[in-house]
$ cat my_file31.tsv   # TSV, C-alpha atoms and all ligand atoms
chain	number	residue	atom	x	y	z
A	184	MET	CA	-28.59	57.60	-6.54
A	185	CYS	CA	-25.82	58.04	-9.06
A	186	GLY	CA	-22.46	56.69	-7.92
A	187	ASN	CA	-20.72	59.49	-9.77
A	188	CYS	CA	-22.46	62.48	-8.31
A	189	SER	CA	-24.68	63.53	-5.46
A	190	ASP	CA	-27.78	64.04	-7.59
A	191	LYS	CA	-30.37	61.63	-6.22
A	192	HIS	CA	-32.32	61.82	-9.46
A	193	HIS	CA	-29.49	60.25	-11.40
A	194	PRO	CA	-29.69	56.49	-11.56
A	195	ASP	CA	-26.49	54.61	-10.92
A	196	GLU	CA	-24.51	54.75	-14.14
A	197	PRO	CA	-21.74	52.18	-14.16
A	198	ALA	CA	-22.28	48.92	-15.97
A	199	SER	CA	-24.77	46.75	-14.21
A	200	PRO	CA	-23.19	43.53	-12.95
A	201	GLY	CA	-26.43	41.68	-13.68
A	202	ARG	CA	-26.28	42.53	-17.32
A	203	ARG	CA	-22.62	41.72	-17.60
A	204	LYS	CA	-23.34	38.34	-16.07
A	205	ALA	CA	-26.05	37.72	-18.63
A	206	LEU	CA	-23.65	38.56	-21.41
A	207	LEU	CA	-20.87	36.44	-19.97
A	208	ALA	CA	-23.24	33.53	-19.63
A	209	GLY	CA	-23.65	33.65	-23.38
A	210	ALA	CA	-27.22	34.85	-23.23
A	211	GLY	CA	-26.28	37.63	-25.63
A	212	ILE	CA	-27.34	41.21	-25.71
A	213	ALA	CA	-30.95	40.30	-26.41
A	214	ALA	CA	-31.30	38.69	-22.99
A	215	ALA	CA	-29.56	41.48	-21.10
A	216	SER	CA	-31.72	43.42	-18.70
A	217	SER	CA	-31.60	46.78	-20.48
A	218	PHE	CA	-32.52	45.19	-23.75
A	219	ALA	CA	-35.02	42.59	-22.65
A	220	VAL	CA	-38.17	44.54	-23.47
A	221	LEU	CA	-38.63	46.26	-26.77
A	222	PRO	CA	-40.13	49.68	-26.07
A	223	ALA	CA	-42.85	50.76	-28.43
A	224	GLN	CA	-40.56	52.87	-30.56
A	225	ALA	CA	-41.51	51.97	-34.11
A	226	GLN	CA	-43.42	55.00	-35.34
A	227	ASP	CA	-44.33	53.79	-38.76
A	228	THR	CA	-43.63	50.55	-40.45
A	229	PRO	CA	-41.68	51.16	-43.63
A	230	ALA	CA	-42.65	49.44	-46.85
A	231	PRO	CA	-41.04	45.99	-47.13
A	232	VAL	CA	-37.68	46.08	-48.88
A	233	GLY	CA	-36.98	42.34	-49.03
A	234	ASN	CA	-33.81	40.69	-47.82
A	235	GLY	CA	-31.38	42.16	-50.35
A	236	PRO	CA	-28.73	42.34	-51.61
A	237	TRP	CA	-29.04	45.98	-52.60
A	238	ARG	CA	-27.12	48.52	-54.61
A	239	VAL	CA	-27.35	51.88	-52.91
A	240	ARG	CA	-26.35	55.48	-53.50
A	241	ALA	CA	-23.28	56.67	-51.60
A	242	PHE	CA	-20.82	59.56	-51.54
A	243	GLY	CA	-17.12	58.89	-51.81
A	244	ASN	CA	-13.83	60.03	-53.30
A	245	ARG	CA	-11.87	58.17	-55.98
A	246	THR	CA	-8.43	59.52	-55.05
A	247	ALA	CA	-6.95	61.02	-51.88
A	248	GLU	CA	-7.19	64.51	-53.35
A	249	GLY	CA	-10.38	63.86	-55.25
A	250	PRO	CA	-13.75	65.42	-54.54
A	251	PHE	CA	-16.66	63.53	-53.07
A	252	GLU	CA	-19.10	62.41	-55.71
A	253	PRO	CA	-22.16	60.17	-55.91
A	254	LEU	CA	-21.33	56.48	-56.28
A	255	GLU	CA	-23.25	53.22	-56.26
A	256	ILE	CA	-22.09	50.61	-53.75
A	257	PRO	CA	-23.24	47.07	-52.82
A	258	ARG	CA	-24.88	46.12	-49.52
A	259	ARG	CA	-25.05	42.43	-48.70
A	260	ALA	CA	-28.23	40.37	-48.32
A	261	LEU	CA	-29.36	40.13	-44.71
A	262	ARG	CA	-27.93	37.27	-42.68
A	263	PRO	CA	-30.00	36.08	-39.69
A	264	ASN	CA	-28.34	38.55	-37.28
A	265	ASP	CA	-28.19	41.56	-39.59
A	266	VAL	CA	-30.06	44.85	-39.43
A	267	LEU	CA	-30.65	47.01	-42.52
A	268	ILE	CA	-30.56	50.69	-41.60
A	269	ASP	CA	-31.86	53.42	-43.90
A	270	ILE	CA	-29.33	56.10	-42.94
A	271	MET	CA	-30.77	59.48	-41.99
A	272	TYR	CA	-27.71	61.22	-40.59
A	273	CYS	CA	-23.98	60.53	-40.60
A	274	ALA	CA	-21.57	62.88	-38.84
A	275	ILE	CA	-18.02	63.64	-39.94
A	276	CYS	CA	-15.27	62.47	-37.57
A	277	HIS	CA	-11.65	63.53	-38.03
A	278	SER	CA	-10.78	59.87	-38.72
A	279	ASP	CA	-12.95	60.09	-41.85
A	280	ILE	CA	-10.68	62.83	-43.11
A	281	HIS	CA	-7.52	60.96	-42.14
A	282	ILE	CA	-8.62	57.90	-44.13
A	283	ALA	CA	-10.32	59.58	-47.11
A	284	ARG	CA	-7.33	61.88	-47.60
A	285	GLN	CA	-4.85	59.08	-46.82
A	286	GLU	CA	-3.15	61.07	-44.09
A	287	TRP	CA	-2.16	58.11	-41.93
A	288	GLY	CA	0.87	55.92	-42.43
A	289	ALA	CA	1.70	52.62	-40.72
A	290	PRO	CA	0.40	51.08	-38.52
A	291	TYR	CA	-2.88	52.31	-39.98
A	292	PRO	CA	-4.15	50.55	-43.12
A	293	ALA	CA	-3.70	52.18	-46.51
A	294	THR	CA	-6.86	53.67	-48.01
A	295	ASN	CA	-8.76	51.75	-50.67
A	296	PHE	CA	-10.39	53.88	-53.35
A	297	PRO	CA	-13.10	54.72	-54.01
A	298	CYS	CA	-13.48	55.51	-50.34
A	299	VAL	CA	-16.87	55.98	-48.67
A	300	PRO	CA	-16.18	57.02	-45.06
A	301	GLY	CA	-18.67	57.91	-42.33
A	302	HIS	CA	-19.06	56.06	-39.04
A	303	GLU	CA	-21.40	58.11	-36.83
A	304	ILE	CA	-24.65	56.73	-38.18
A	305	ILE	CA	-28.27	57.19	-37.15
A	306	GLY	CA	-31.12	55.82	-39.22
A	307	ARG	CA	-34.37	53.95	-39.39
A	308	VAL	CA	-34.41	50.16	-39.42
A	309	ALA	CA	-35.78	49.05	-42.79
A	310	ALA	CA	-35.49	45.27	-42.38
A	311	VAL	CA	-34.11	42.72	-39.94
A	312	GLY	CA	-32.70	39.21	-40.26
A	313	SER	CA	-34.65	36.22	-38.94
A	314	ALA	CA	-32.70	36.00	-35.64
A	315	VAL	CA	-32.79	39.72	-34.74
A	316	THR	CA	-34.58	40.37	-31.43
A	317	ARG	CA	-33.88	43.99	-30.45
A	318	PHE	CA	-35.13	45.78	-33.56
A	319	ARG	CA	-38.22	45.96	-35.70
A	320	PRO	CA	-38.61	47.81	-38.99
A	321	GLY	CA	-39.32	51.47	-38.17
A	322	ASP	CA	-37.10	51.60	-35.05
A	323	ILE	CA	-34.30	54.14	-34.83
A	324	ALA	CA	-30.83	52.61	-34.65
A	325	GLY	CA	-27.27	53.85	-34.38
A	326	ALA	CA	-24.02	52.34	-35.66
A	327	GLY	CA	-20.48	53.49	-35.05
A	328	ALA	CA	-16.95	52.85	-36.15
A	329	MET	CA	-16.87	49.15	-35.29
A	330	ILE	CA	-19.18	46.67	-37.04
A	331	ASP	CA	-17.68	43.28	-36.24
A	332	SER	CA	-15.21	41.45	-33.99
A	333	CYS	CA	-14.32	37.82	-33.29
A	334	GLY	CA	-16.92	37.52	-30.52
A	335	GLU	CA	-14.88	34.81	-28.81
A	336	CYS	CA	-11.72	36.28	-27.33
A	337	GLU	CA	-11.50	37.27	-23.68
A	338	ASN	CA	-12.11	40.93	-24.46
A	339	CYS	CA	-15.08	40.29	-26.74
A	340	VAL	CA	-16.84	38.12	-24.16
A	341	ASN	CA	-16.19	40.83	-21.55
A	342	ASP	CA	-18.02	43.47	-23.65
A	343	LEU	CA	-14.74	45.03	-24.75
A	344	GLU	CA	-15.06	44.32	-28.48
A	345	GLN	CA	-13.03	47.45	-29.27
A	346	TYR	CA	-10.02	45.61	-27.83
A	347	CYS	CA	-10.70	42.32	-29.68
A	348	VAL	CA	-7.32	40.59	-29.76
A	349	LYS	CA	-8.05	39.16	-33.21
A	350	GLY	CA	-8.89	42.63	-34.53
A	351	TRP	CA	-12.25	44.26	-35.02
A	352	THR	CA	-13.72	45.42	-38.32
A	353	LEU	CA	-14.11	49.12	-39.02
A	354	ASN	CA	-17.26	50.08	-40.85
A	355	PHE	CA	-15.31	51.35	-43.84
A	356	ASN	CA	-12.02	50.62	-45.56
A	357	SER	CA	-11.82	47.23	-43.80
A	358	PRO	CA	-11.78	43.85	-45.59
A	359	ASP	CA	-15.38	42.82	-46.31
A	360	LYS	CA	-15.59	39.15	-45.33
A	361	HIS	CA	-19.03	38.75	-46.90
A	362	LEU	CA	-18.70	40.49	-50.27
A	363	GLY	CA	-14.92	40.44	-50.69
A	364	GLY	CA	-12.91	43.58	-51.34
A	365	TYR	CA	-13.34	46.21	-48.67
A	366	ASN	CA	-16.36	47.81	-47.08
A	367	TYR	CA	-18.06	51.19	-47.32
A	368	GLY	CA	-19.21	53.53	-44.57
A	369	GLY	CA	-22.09	55.74	-43.66
A	370	PHE	CA	-22.09	58.48	-46.28
A	371	SER	CA	-24.66	56.36	-48.04
A	372	GLN	CA	-28.32	55.59	-48.29
A	373	ARG	CA	-28.27	52.26	-46.45
A	374	VAL	CA	-25.99	50.04	-44.42
A	375	VAL	CA	-26.17	46.44	-43.18
A	376	VAL	CA	-24.78	45.96	-39.65
A	377	PRO	CA	-24.85	42.94	-37.33
A	378	GLU	CA	-27.36	43.49	-34.53
A	379	ARG	CA	-24.60	43.15	-31.95
A	380	PHE	CA	-22.98	46.31	-33.34
A	381	THR	CA	-26.08	48.48	-33.39
A	382	VAL	CA	-27.64	50.46	-30.55
A	383	ARG	CA	-31.19	51.54	-29.87
A	384	ILE	CA	-31.71	55.30	-29.83
A	385	PRO	CA	-33.99	56.48	-26.99
A	386	PRO	CA	-37.21	58.20	-28.05
A	387	GLY	CA	-37.16	61.97	-28.12
A	388	MET	CA	-33.51	62.49	-29.04
A	389	ASN	CA	-32.59	64.99	-31.75
A	390	LEU	CA	-31.44	62.39	-34.25
A	391	ALA	CA	-29.08	64.56	-36.30
A	392	ALA	CA	-27.40	65.84	-33.12
A	393	ALA	CA	-27.23	62.31	-31.67
A	394	ALA	CA	-25.17	60.98	-34.62
A	395	PRO	CA	-21.81	62.24	-33.25
A	396	LEU	CA	-22.41	60.31	-30.04
A	397	MET	CA	-21.70	57.11	-31.97
A	398	CYS	CA	-17.94	57.78	-32.15
A	399	ALA	CA	-16.98	61.14	-30.64
A	400	GLY	CA	-19.31	60.64	-27.69
A	401	ILE	CA	-18.51	57.05	-26.72
A	402	THR	CA	-14.79	57.69	-27.25
A	403	THR	CA	-14.80	60.31	-24.51
A	404	PHE	CA	-17.38	58.58	-22.28
A	405	SER	CA	-15.56	55.23	-22.10
A	406	PRO	CA	-12.37	56.51	-20.43
A	407	MET	CA	-14.44	58.58	-17.98
A	408	GLN	CA	-16.21	55.37	-17.01
A	409	HIS	CA	-13.02	53.34	-16.85
A	410	TRP	CA	-11.20	55.86	-14.65
A	411	SER	CA	-14.40	56.60	-12.68
A	412	VAL	CA	-14.54	60.36	-13.13
A	413	LYS	CA	-16.57	61.56	-10.17
A	414	ALA	CA	-18.36	64.58	-8.78
A	415	GLY	CA	-15.96	67.22	-7.52
A	416	GLN	CA	-12.90	65.92	-9.36
A	417	ARG	CA	-10.95	68.37	-11.45
A	418	VAL	CA	-11.09	67.38	-15.09
A	419	GLY	CA	-9.17	69.08	-17.90
A	420	VAL	CA	-10.28	68.74	-21.53
A	421	ILE	CA	-7.52	69.50	-24.03
A	422	GLY	CA	-8.88	70.45	-27.44
A	423	MET	CA	-12.48	71.48	-27.90
A	424	GLY	CA	-13.61	70.14	-31.23
A	425	GLY	CA	-16.08	67.36	-31.97
A	426	LEU	CA	-14.78	65.05	-29.23
A	427	GLY	CA	-13.74	67.81	-26.85
A	428	HIS	CA	-17.08	69.58	-26.64
A	429	LEU	CA	-18.78	66.27	-25.86
A	430	ALA	CA	-16.09	65.51	-23.26
A	431	VAL	CA	-16.99	68.82	-21.59
A	432	LYS	CA	-20.71	68.01	-21.56
A	433	LEU	CA	-20.10	64.49	-20.24
A	434	ALA	CA	-17.69	65.57	-17.49
A	435	VAL	CA	-20.13	68.32	-16.46
A	436	ALA	CA	-22.93	65.73	-16.37
A	437	ARG	CA	-20.80	63.77	-13.88
A	438	LYS	CA	-20.57	66.94	-11.76
A	439	ALA	CA	-16.83	67.24	-12.28
A	440	ASP	CA	-15.09	70.62	-12.07
A	441	VAL	CA	-14.14	71.13	-15.72
A	442	THR	CA	-11.40	73.27	-17.28
A	443	VAL	CA	-11.02	73.47	-21.07
A	444	PHE	CA	-7.69	74.08	-22.79
A	445	THR	CA	-8.25	75.44	-26.28
A	446	THR	CA	-6.16	77.26	-28.88
A	447	THR	CA	-9.24	79.11	-30.19
A	448	PRO	CA	-10.32	82.19	-28.21
A	449	GLY	CA	-13.76	82.03	-29.82
A	450	LYS	CA	-14.53	78.78	-27.99
A	451	VAL	CA	-14.13	80.16	-24.46
A	452	ALA	CA	-17.72	81.39	-24.19
A	453	ASP	CA	-19.05	78.11	-25.61
A	454	ALA	CA	-17.05	76.07	-23.09
A	455	LYS	CA	-18.55	78.03	-20.21
A	456	LYS	CA	-22.03	77.75	-21.68
A	457	MET	CA	-21.55	73.98	-21.74
A	458	GLY	CA	-20.73	74.05	-18.05
A	459	ALA	CA	-16.94	74.35	-17.85
A	460	ARG	CA	-15.83	76.50	-14.92
A	461	GLU	CA	-12.81	77.81	-16.77
A	462	ALA	CA	-11.52	77.90	-20.33
A	463	VAL	CA	-7.83	78.56	-20.95
A	464	VAL	CA	-6.55	79.78	-24.32
A	465	TRP	CA	-3.06	78.44	-24.86
A	466	SER	CA	-0.56	78.06	-27.65
A	467	LYS	CA	2.72	77.56	-25.76
A	468	PRO	CA	3.36	74.90	-23.08
A	469	GLU	CA	4.43	77.60	-20.58
A	470	ALA	CA	0.77	78.61	-20.33
A	471	LEU	CA	0.09	75.27	-18.63
A	472	GLN	CA	2.61	75.72	-15.82
A	473	ALA	CA	0.16	77.64	-13.68
A	474	TYR	CA	-1.91	74.43	-13.43
A	475	ALA	CA	0.84	72.13	-12.12
A	476	ASN	CA	-0.44	69.40	-9.78
A	477	SER	CA	-4.08	70.44	-10.27
A	478	PHE	CA	-6.04	67.77	-12.14
A	479	ASP	CA	-7.35	64.31	-11.33
A	480	PHE	CA	-8.09	63.48	-14.96
A	481	LEU	CA	-6.98	65.00	-18.24
A	482	ILE	CA	-8.31	63.97	-21.63
A	483	SER	CA	-6.71	65.07	-24.89
A	484	THR	CA	-8.94	65.03	-27.94
A	485	VAL	CA	-6.39	66.76	-30.18
A	486	PRO	CA	-5.86	64.81	-33.44
A	487	THR	CA	-2.27	66.05	-33.87
A	488	ASN	CA	0.79	65.72	-31.66
A	489	VAL	CA	1.24	68.00	-28.68
A	490	PRO	CA	4.10	67.62	-26.15
A	491	THR	CA	3.08	65.31	-23.32
A	492	HIS	CA	5.28	66.52	-20.47
A	493	PRO	CA	3.65	69.95	-19.91
A	494	ILE	CA	0.30	68.17	-19.77
A	495	THR	CA	1.23	65.35	-17.38
A	496	ASN	CA	2.78	68.03	-15.17
A	497	MET	CA	-0.75	69.35	-14.56
A	498	LEU	CA	-1.81	66.06	-12.91
A	499	ARG	CA	-1.94	65.68	-9.18
A	500	LEU	CA	-0.99	62.49	-7.32
A	501	ASP	CA	-2.25	59.37	-9.15
A	502	GLY	CA	-3.83	61.50	-11.83
A	503	THR	CA	-4.40	60.08	-15.32
A	504	TYR	CA	-3.84	61.63	-18.72
A	505	VAL	CA	-5.79	59.85	-21.46
A	506	ILE	CA	-5.24	60.42	-25.15
A	507	VAL	CA	-8.18	59.70	-27.45
A	508	GLY	CA	-7.05	61.50	-30.62
A	509	ALA	CA	-5.25	59.09	-32.97
A	510	ARG	CA	-1.60	59.94	-33.27
A	511	GLU	CA	1.85	58.37	-33.63
A	512	PRO	CA	4.16	58.65	-31.77
A	513	ILE	CA	3.17	60.08	-28.38
A	514	GLU	CA	5.95	62.58	-27.92
A	515	ASP	CA	7.75	63.94	-24.89
A	516	VAL	CA	6.72	61.49	-22.17
A	517	ARG	CA	9.27	62.02	-19.39
A	518	GLY	CA	9.95	59.69	-16.49
A	519	SER	CA	10.18	62.51	-13.98
A	520	GLY	CA	6.83	63.82	-15.16
A	521	LEU	CA	5.32	60.48	-14.14
A	522	TRP	CA	7.14	59.30	-11.03
A	523	LEU	CA	7.08	62.65	-9.27
A	524	GLN	CA	3.36	62.27	-8.59
A	525	ARG	CA	2.81	58.59	-9.61
A	526	ARG	CA	0.99	59.86	-12.67
A	527	GLN	CA	-0.08	57.71	-15.59
A	528	VAL	CA	-0.45	58.26	-19.32
A	529	SER	CA	-2.84	56.09	-21.27
A	530	ALA	CA	-4.88	56.00	-24.45
A	531	SER	CA	-8.36	54.71	-25.08
A	532	LEU	CA	-10.34	53.49	-28.08
A	533	MET	CA	-14.11	53.92	-28.60
A	534	GLY	CA	-16.22	51.76	-26.26
A	535	GLY	CA	-17.68	48.25	-26.22
A	536	MET	CA	-21.19	47.78	-27.58
A	537	ALA	CA	-22.89	47.22	-24.20
A	538	GLU	CA	-21.13	50.35	-22.95
A	539	THR	CA	-22.20	52.26	-26.07
A	540	GLN	CA	-25.83	51.39	-25.36
A	541	GLU	CA	-25.40	52.48	-21.72
A	542	PHE	CA	-23.88	55.71	-22.97
A	543	ILE	CA	-26.68	56.46	-25.44
A	544	ASP	CA	-29.23	55.82	-22.68
A	545	PHE	CA	-27.20	58.08	-20.32
A	546	CYS	CA	-27.36	60.86	-22.94
A	547	GLY	CA	-31.04	60.23	-23.62
A	548	ARG	CA	-31.91	60.71	-19.94
A	549	ARG	CA	-29.92	63.95	-19.72
A	550	ASN	CA	-30.68	65.33	-23.17
A	551	ILE	CA	-26.99	65.36	-24.08
A	552	VAL	CA	-26.32	65.65	-27.81
A	553	ALA	CA	-23.65	67.29	-29.96
A	554	ASP	CA	-23.71	70.87	-31.22
A	555	ILE	CA	-23.89	70.40	-34.97
A	556	GLU	CA	-23.99	72.01	-38.38
A	557	LEU	CA	-26.22	70.06	-40.76
A	558	ILE	CA	-24.92	69.85	-44.33
A	559	LYS	CA	-25.86	68.20	-47.62
A	560	PRO	CA	-23.65	65.50	-49.18
A	561	ASP	CA	-22.30	67.89	-51.81
A	562	GLN	CA	-20.75	69.96	-48.99
A	563	ILE	CA	-18.51	67.17	-47.60
A	564	ASP	CA	-15.29	68.45	-49.25
A	565	ARG	CA	-15.87	71.93	-47.89
A	566	ALA	CA	-16.66	70.53	-44.46
A	567	PHE	CA	-13.36	68.59	-44.45
A	568	GLU	CA	-11.50	71.83	-45.13
A	569	ARG	CA	-13.37	73.67	-42.42
A	570	ILE	CA	-12.66	70.93	-39.87
A	571	LYS	CA	-8.94	71.12	-40.66
A	572	ALA	CA	-9.14	74.89	-40.16
A	573	LYS	CA	-10.92	74.30	-36.80
A	574	ASP	CA	-13.91	76.15	-38.24
A	575	VAL	CA	-16.82	74.04	-37.03
A	576	ARG	CA	-19.16	74.34	-34.05
A	577	TYR	CA	-18.75	71.45	-33.27
A	578	ARG	CA	-19.60	68.59	-35.60
A	579	PHE	CA	-20.74	68.46	-39.21
A	580	VAL	CA	-23.59	66.06	-39.81
A	581	VAL	CA	-24.45	64.97	-43.34
A	582	ASP	CA	-28.20	64.94	-43.97
A	583	LEU	CA	-28.97	61.80	-45.95
A	584	THR	CA	-32.75	61.91	-45.61
A	601	ZN	ZN	-14.58	58.57	-35.25
A	602	ZN	ZN	-12.44	39.24	-30.07

$ encode --input "my_file31.tsv" --output "structure tokens" --more "lines below"
Ligand SMILES: [Zn+2]
Ligand SMILES: [Zn+2]
Amino acid sequence: MCGNCSDKHHPDEPASPGRRKALLAGAGIAAASSFAVLPAQAQDTPAPVGNGPWRVRAFGNRTAEGPFEPLEIPRRALRPNDVLIDIMYCAICHSDIHIARQEWGAPYPATNFPCVPGHEIIGRVAAVGSAVTRFRPGDIAGAGAMIDSCGECENCVNDLEQYCVKGWTLNFNSPDKHLGGYNYGGFSQRVVVPERFTVRIPPGMNLAAAAPLMCAGITTFSPMQHWSVKAGQRVGVIGMGGLGHLAVKLAVARKADVTVFTTTPGKVADAKKMGAREAVVWSKPEALQAYANSFDFLISTVPTNVPTHPITNMLRLDGTYVIVGAREPIEDVRGSGLWLQRRQVSASLMGGMAETQEFIDFCGRRNIVADIELIKPDQIDRAFERIKAKDVRYRFVVDLT
């Protein structure tokens, strides 16, 4: 039975100690229990494409204001642990906009141009390096925002690569240690990713709608795992965009009692359809006062700054407020808002790769995917504008097939 809810049909979800032990022992993901047997997933074996390197078609912008246009970018030759993915779908995360439009300042890195963003990738494996054990050509694979880490620090060996103390590598706009320069993301025909940073996609998933799970999904799932969101707990989701709507679905899947806080009246009906008990339209902090001391867990997916104090005030004793939208600084944290009910404020980043695989399997068993609008690459600029105007239900996915 699931440890998070009373549904006896749910298997236990938290990370299996057996698998963690296998990973800690250095056996690697290939030897871990969930990955030990390759299911018969390959539907058709693609024509051989060699071992590269390749030059592939991509879509990027040459200046922060510039439009997206077709480009040609390099992809490295396969190393023994690499997987070549022919990208089918890549969703648009708000971080793609922040970087492509150079909206972030320090401590975030400056944008290199041309910029090819995109980090919610689903595609078909076209070739694998000689040491790859979890994939065969023809399999469906996913890749997210993180494509490398040191692999040796305490956090990496504990399956927490997203907190690598030496710094992980983002899949675009990060220094490319193999080709020099900087790397390019998923708005492209192909990508080469180390096997350790790819996940297997369960059979039967809607692949376009599964793409947003690779960043938006795992980013909201990981804190719910870490803070053990359970059946019957009151969970508040602040902001119902790409991350927020998945947070609602995931909290509902854990049988939590979910309330959505949105600034868009048109999203109320959607929130309830996704299983939220209540959806509150708010624009001023006073609207939150009615919920003082009510929630066990609050998650903010809002990519801009909102005052913290009115939100922490909604937590009950020992409640946690987690911020997953990137922002600097976190404003209006007040001591009295914390010590009055021993509340805590935290922030969380993506998920480790073992956890990402657990999460994708969790979604596969429950048929959880994103609500999406499928677009063509020449619609990326327009999609960026619509996301900024909160005019998307709920994630754009670029069709690269
Ligand atoms: Zn993202
Ligand atoms: Zn590390």

$ closest_atom_pairs --input "my_file31.tsv" --of "chain A" --to "ligand ZN 602 (chain A)" --cutoff "6 Å" --atoms "all atoms listed in the file" --output "CSV"
residue,atom,partner,partner_atom,distance
A:Ser332,CA,A:ZN602,ZN,5.3
A:Cys333,CA,A:ZN602,ZN,4.0
A:Gly334,CA,A:ZN602,ZN,4.8
A:Glu335,CA,A:ZN602,ZN,5.2
A:Cys336,CA,A:ZN602,ZN,4.1
A:Asn338,CA,A:ZN602,ZN,5.9
A:Cys339,CA,A:ZN602,ZN,4.4
A:Glu344,CA,A:ZN602,ZN,5.9
A:Cys347,CA,A:ZN602,ZN,3.6
A:Val348,CA,A:ZN602,ZN,5.3
A:Lys349,CA,A:ZN602,ZN,5.4

$ write_last_selection --input "my_file31.tsv" --atoms "C-alpha atoms" --output "PDB file, in the frame of the given file"
ATOM      1  CA  SER A 332     -15.210  41.450 -33.990  1.00  0.00           C
ATOM      2  CA  CYS A 333     -14.320  37.820 -33.290  1.00  0.00           C
ATOM      3  CA  GLY A 334     -16.920  37.520 -30.520  1.00  0.00           C
ATOM      4  CA  GLU A 335     -14.880  34.810 -28.810  1.00  0.00           C
ATOM      5  CA  CYS A 336     -11.720  36.280 -27.330  1.00  0.00           C
ATOM      6  CA  ASN A 338     -12.110  40.930 -24.460  1.00  0.00           C
ATOM      7  CA  CYS A 339     -15.080  40.290 -26.740  1.00  0.00           C
ATOM      8  CA  GLU A 344     -15.060  44.320 -28.480  1.00  0.00           C
ATOM      9  CA  CYS A 347     -10.700  42.320 -29.680  1.00  0.00           C
ATOM     10  CA  VAL A 348      -7.320  40.590 -29.760  1.00  0.00           C
ATOM     11  CA  LYS A 349      -8.050  39.160 -33.210  1.00  0.00           C
TER      12      LYS A 349
END

$ atom_distance --input "my_file31.tsv" --atom1 "atom CA of Asn476 of chain A" --atom2 "atom CA of Ile494 of chain A"
10.1 Å

$ residues_near_ligand --input "my_file31.tsv" --ligand "ligand ZN 601 (chain A)" --cutoff "12 Å" --atoms "only C-alpha atoms and all ligand atoms" --output "VMD selection string"
chain A and resid 273 to 282 300 to 304 326 to 329 353 to 355 368 to 369 394 to 403 425 to 426 484 486 507 to 509 532 to 534 578

$ residues_near_point --input "my_file31.tsv" --point "(-16.6, 78.2, -36.4)" --cutoff "12 Å" --atoms "only C-alpha atoms" --output "number ranges by chain"
A: 423-425, 447-450, 453, 554-556, 566, 568-579

$ atom_distance --input "my_file31.tsv" --atom1 "atom CA of Ala391 of chain A" --atom2 "atom CA of Ile323 of chain A"
11.7 Å

$ closest_residue --input "my_file31.tsv" --among "A:Leu481, A:Val435, A:Leu254, A:Ile558" --to "Val420 of chain A" --atoms "all atoms listed in the file"
A:Leu481

$ closest_residue --input "my_file31.tsv" --among "A:Met536, A:Ala436, A:Met457, A:Leu521" --to "Arg549 of chain A" --atoms "all atoms listed in the file"
A:Ala436

$ atom_distance --input "my_file31.tsv" --atom1 "atom CA of Ala241 of chain A" --atom2 "atom CA of Gln372 of chain A"
6.1 Å

$ closest_residue --input "my_file31.tsv" --among "A:Pro320, A:Gly364, A:Pro512, A:Gly518" --to "Pro290 of chain A" --atoms "only C-alpha atoms"
A:Pro512

$ residues_around --input "my_file31.tsv" --residues "Ala310 of chain A" --least-positions-apart "2" --cutoff "8 Å" --atoms "all atoms listed in the file" --output "number ranges by chain"
A: 231-234, 266-268, 308, 312, 319-320

$ closest_residue --input "my_file31.tsv" --among "A:Gly535, A:Gly325, A:Pro257, A:Pro250" --to "Met271 of chain A" --atoms "all atoms listed in the file"
A:Gly325

$ closest_residue --input "my_file31.tsv" --among "A:Glu511, A:Glu541, A:Glu378, A:Glu286" --to "Leu261 of chain A" --atoms "only C-alpha atoms"
A:Glu378

$ residues_near_point --input "my_file31.tsv" --point "(-28.1, 69.5, -44.0)" --cutoff "7 Å" --atoms "only C-alpha atoms" --output "MDAnalysis selection string"
chainID A and resid 557:559 581:582

$ closest_residue --input "my_file31.tsv" --among "A:Glu337, A:Glu538, A:Asp440, A:Asp342" --to "Ser477 of chain A" --atoms "all atoms listed in the file"
A:Asp440
